[in-house]
Amino acid sequence: MGSTARPFDKYDAYARSVQASRDEAKFLSAVYRDVSGQEPKTLREDFCGTYALCCEWVKLGPEKRAIGIDIDREPLAYGAHHHRAALDAHAQLRVIAHQRDVLKGPLPRADVICALNFSYFCLQSRQSLLRYFKSCRRSLSPGGVFVVDTFGGPQHHEPSLDTRRLPGLTYYFEQEFFDPISNRTRFSLHYKPLGGRIRKRAFTYDWRMWSIAEVRDVMLDAGFKDAFVFWEGTARDGRGSGRFTRKERGEPCQVWVAYVVGRV
């Protein structure tokens, strides 16, 4: 008799382990309102993968539109089948995804542009990062914001392995190496479904870890009027609380996560 085990879905595992698309859509909308005093309409999600965030964005209101940009066809196809198709007919019309390189413009304009899940860490030279940030600034509507996330801390200055158990799944976030001269690093995501075998390197990332100070400096050099930080608070268990507030000073943590916001 053949196996009846459910096939492993790495994109579903990714969404469950590292994404909070609904919360991020609300956060991005709130940041724009804080900066401009108005309600944003258009989101562009760069390095969008399955563009789950785009699909959550259009759920916030009938006037919301979203554009996803990614160079990889496979996650875009997954997003069309699993996320966009789950929307009602009107919402589906307000989500568009393009298979494109974010460094090859011009790209669609938007009120909010974001590059989340540390995706822009794949840009490993200051020259390429500045080129990308300049492109985003040119693509923003008046009053628009550009939002990226970043992370760091002493724990990420050496190889490490973080394990987290989820319903029906164990998630492993492994930093395989770190070079302190270049800040070059490699992370891999592994998953072990309940009762199944471990899926090594379901996702692997060759990144440069950009610091908050570097990201802010490049944003300002790209022509943004300001670049400010939303810092994550700490929960009682010592982990991140998931709540971000605007700060001018951080706090020493083994691991920290923050958003950097550029304003035109």
# chains A, B, ... in the order shown; residues from 1 in each chain; ligands from 1
call {"tool": "closest_atom_pairs", "arguments": {"of": "range 133-251 of chain A", "to": "range 93-110 of chain A", "cutoff": "7 Å", "atoms": "only C-alpha atoms", "output": "JSON lines"}}
result
{"residue": "A:Ser139", "atom": "CA", "partner": "A:Arg109", "partner_atom": "CA", "distance": 4.5}
{"residue": "A:Leu140", "atom": "CA", "partner": "A:Ala110", "partner_atom": "CA", "distance": 5.3}
{"residue": "A:Ser141", "atom": "CA", "partner": "A:Ala110", "partner_atom": "CA", "distance": 5.7}
call {"tool": "residues_around", "arguments": {"residues": "range 151-156 of chain A", "least_positions_apart": "4", "cutoff": "8 Å", "atoms": "only C-alpha atoms", "output": "count of residues only"}}
result
13
call {"tool": "closest_residue", "arguments": {"among": "A:Asp206, A:Asp226, A:Asp23, A:Glu214", "to": "Arg137 in chain A", "atoms": "only C-alpha atoms"}}
result
A:Asp226
call {"tool": "closest_residue", "arguments": {"among": "A:Arg216, A:Phe187, A:Tyr32, A:Gly240", "to": "Phe203 in chain A", "atoms": "only C-alpha atoms"}}
result
A:Phe187
call {"tool": "residues_around", "arguments": {"residues": "Cys122 in chain A", "least_positions_apart": "3", "cutoff": "7 Å", "atoms": "only C-alpha atoms", "output": "number ranges by chain"}}
result
A: 119, 206-208
call {"tool": "select_by_dssp", "arguments": {"residues": "range 71-106 of chain A", "states": "helix (DSSP H, G or I)", "output": "MDAnalysis selection string"}}
result
chainID A and resid 73:82 84:86 89:93
call {"tool": "decode", "arguments": {"residues": "range 55-79 of chain A", "atoms": "C-alpha atoms", "output": "PDB file, in the first residue's frame"}}
result
ATOM      1  CA  CYS A  55      -2.911  39.508  -0.629  1.00  0.00           C
ATOM      2  CA  GLU A  56      -3.266  40.548   3.016  1.00  0.00           C
ATOM      3  CA  TRP A  57      -2.877  44.194   2.041  1.00  0.00           C
ATOM      4  CA  VAL A  58      -5.916  44.218  -0.274  1.00  0.00           C
ATOM      5  CA  LYS A  59      -8.017  42.685   2.504  1.00  0.00           C
ATOM      6  CA  LEU A  60      -7.599  45.930   4.479  1.00  0.00           C
ATOM      7  CA  GLY A  61     -10.060  47.790   2.268  1.00  0.00           C
ATOM      8  CA  PRO A  62     -11.662  47.922  -1.187  1.00  0.00           C
ATOM      9  CA  GLU A  63      -9.424  50.838  -2.220  1.00  0.00           C
ATOM     10  CA  LYS A  64      -6.195  48.925  -1.561  1.00  0.00           C
ATOM     11  CA  ARG A  65      -4.051  47.696  -4.457  1.00  0.00           C
ATOM     12  CA  ALA A  66      -0.838  45.673  -4.317  1.00  0.00           C
ATOM     13  CA  ILE A  67       2.013  44.849  -6.680  1.00  0.00           C
ATOM     14  CA  GLY A  68       4.472  42.010  -6.070  1.00  0.00           C
ATOM     15  CA  ILE A  69       7.922  41.886  -7.690  1.00  0.00           C
ATOM     16  CA  ASP A  70      10.138  38.797  -7.656  1.00  0.00           C
ATOM     17  CA  ILE A  71      12.701  37.263  -9.992  1.00  0.00           C
ATOM     18  CA  ASP A  72      11.749  33.642  -9.220  1.00  0.00           C
ATOM     19  CA  ARG A  73       8.822  32.115 -11.101  1.00  0.00           C
ATOM     20  CA  GLU A  74       8.182  29.200  -8.716  1.00  0.00           C
ATOM     21  CA  PRO A  75       7.048  31.163  -5.620  1.00  0.00           C
ATOM     22  CA  LEU A  76       5.062  33.545  -7.819  1.00  0.00           C
ATOM     23  CA  ALA A  77       3.163  30.592  -9.272  1.00  0.00           C
ATOM     24  CA  TYR A  78       2.587  29.234  -5.768  1.00  0.00           C
ATOM     25  CA  GLY A  79       1.236  32.585  -4.619  1.00  0.00           C
TER      26      GLY A  79
END
